Each structure stands twice: as structure tokens, then as C-alpha cells.
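Have a look at the structure below, then the notes.
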Amino acid sequence: MKTIKILFFTLILAAAMGCDPTEMVTYEARNDEAFFETSSHSMAVTPADANTYTITVSRGNSAGAATIPVSIQCESEGIFDGPAAVEFADGELYAEYTVSFDMAALTIGVPVDAVITIGNETQLPYSTQFVLSVMRDYTWENYATGTFISEFMSAMTGSDVSFPVVMQNAAENTNLYRLCDVYAEGCHIQFTWDGSGPTIGFEEIDGEGYTTINTGLEYGTYGFIYLYVDSNVIYTHYNSGEFVFNGFAFVEAGQLTDYLDETFVMDQPGN
């Protein structure tokens with residue numbers, strides 16, 4: 001059952017305005033004031049997947065039915081589509097809005113963003129926009145097996161952590177690889193490699209030469225844990241069957257660990 005985030009907002013009137021400071025005025029949300037509980041989602045899809053994504057829309061007042069306008073904007077016309085409104089029945093705090101997209105219009109490896117906006121104005125302090133990012137995924141083929149040795153997870157748990165991981169190669173780009181489901185299902189470490197040299201590359205690197213990897217793990221109430229990985233070949237590299245990724249773990253509130261090595265020890269390719 002979903003948690004009801006908000007039904008009423010309370011404003012305290014200051015004594016300087018001539019009111020008793022203990023007196024309170026309540027603002028009851030209108031039944032057509034709606035918002036998104038999350039503000040974004042990214043997904044990689046293949047032709048075998050459904051070409052839709054459903055978003056939960058919430059409102060602060062369940063009294064009465066409501067039809068609330070919704071618009072979709074995208075730089076590439078004709079890829080995304082969805083209803084012109086989201087419908088709430090009387091008594092409903094939550095409704096579903098489904099976006100569809102044209103799979104054939106997506107380019108492999110290139111994410112496309114759709115900005116979905118709820119049209120009515122609201123005083124509720126939540127987002128009325130949702131960004132859906134969709135990418136047509138590569139065709140991934142198993143390349144090798146191996147053991148992943150995680151200093152990050154060892155630091156977080158207080159004991160040595162290692163586990164088997166599958167390494168895959170993209171059929172459409174033979175220099176593109178990924179370590180699958182490393183920390184959580186669907187969270188991969190994706191990189192470029194020429195098949196023999198020391199250089200491990202990343203598609204997205206910031207001005208400091210780092211890439212950010214979402215582990216899919218959460219740290220209490222602080223949200224997802226990310227790895228901030230140094231792309232400098234001195235620290236992040238391949239050597240004699242070992243892939244070393246050097247960086248530190250962090251959440252939005254700050255850094256969790258010192259610099260450490262995440263290491264994948266590869267078996268023979270194809271094993």
C-alpha cells in the first residue's frame with residue numbers, strides 16, 4: 001500500500017499580522033492538483049520488450065472525479081505518445097499514466113528523453129514534470145565469466161566480498177563490454193576496451209575525468225549509492241586478465257568510502 005504523502009498543508013500566521021501565533025490556517029489541496037512521486041526514470045529496451053512505461057500520478061485530495069491534462073515533449077517528434085489527460089475516479093489518490101514509444105524510431109545506444117508535464121497549476125511542493133529516458137539496447141552476448149572482488153562492499157560490510165560475474169560484449173559494437181548485474185539486477189558496469197590493451201574507456205566522463213556508476217544499492221534513507229570511478233589508465237585499467245576500477249562510493253549527501261579498487265578477474269573468454 002502506498003504511503004499518502006500529503007493531504008493538507010498548514011501555514012502558521014505570524015503574530016505580527018495581528019493573529020494569535022497558535023492559531024492555524026489549513027490549506028486543503030484541490031482534487032485536480034496532481035504530482036509525480038518520482039521525477040525521472042531511465043530504461044534500456046529491446047524489440048522483445050513492451051514499448052510502454054506506466055507512471056504513478058498522485059493527488060492530495062481524493063474527493064470527486066478529476067480529469068487532469070498531461071503533455072509530452074521530446075526533441076525527436078513522433079517517438080513518444082500518451083493520453084491527453086490522466087483520470088482520477090472519486091476516492092482515488094493514485095492513477096496510472098502510460099507512455100508508449102516507437103521502438104523502430106530509437107537508435108541503438110542513444111537515449112531519448114521525453115518530458116511529461118501535468119498541466120494544472122499546483123501549490124503542492126512536488127514535481128509536476130517527469131523525465132522518461134529510453135534507449136534501445138545493444139544485443140549483448142556472453143564473452144567471459146570471472147570473479148568480482150569488491151573493496152567497496154568489503155568496506156561497507158566489514159568482511160571480504162567476492163562473487164561470480166558474467167562479462168558480455170555488444171554485437172553491434174565489438175569494443176563495448178559490460179559486467180552484468182554487479183551489485184544489483186540491471187545495474188551493470190559498461191565500458192569500452194580493445195580486447196587486449198590496458199585502456200578501459202567510458203562513454204560519459206565529466207570534466208575531472210571521472211564516470212559515475214549507479215550500484216543500485218541504497219544506503220539507509222540517503223538513497224542510492226554511486227561509484228565515482230577515475231578513468232585515468234594509471235588507476236583504472238586492464239592487465240593480464242584483471243580489470244581494475246578505482247574510485248570511491250558516495251550518496252547525494254556525501255562521500256562514503258576512501259578510494260578503493262573494484263576488480264574483475266576474468267576467466268578465459270567464452271568460459
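Every chain in the C-alpha cells has a letter given in the order shown (A, B, ...), and although residue numbers restart at 1 in each chain, ligands are simply numbered from 1 in the order shown.
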
Quiz item: Any idea what's packed within 7 Å of Val57 in chain A, counting only C-alpha atoms, ignoring anything in its chain fewer than 5 positions away? Could you give it as a VMD selection string?
Solution: chain A and resid 34 to 36 94 to 97

Practice problem: Find the residues near Glu242 in chain A: any atom within 7 Å, counting only C-alpha atoms, skip ones fewer than 4 places away on the same chain, and give them as number ranges by chain. | Solution: A: 238, 263-266

Practice problem: Identify, on the basis of only C-alpha atoms, every residue whose closest approach to range 114-130 of chain A does not exceed 9 Å; exclude the query and any residue fewer than 3 positions from it along the same chain; express the result as a PyMOL selection string. | Solution: chain A and resi 6+9+29-30+32-41+55+60+68-76+79-80+85-86+99+133-134
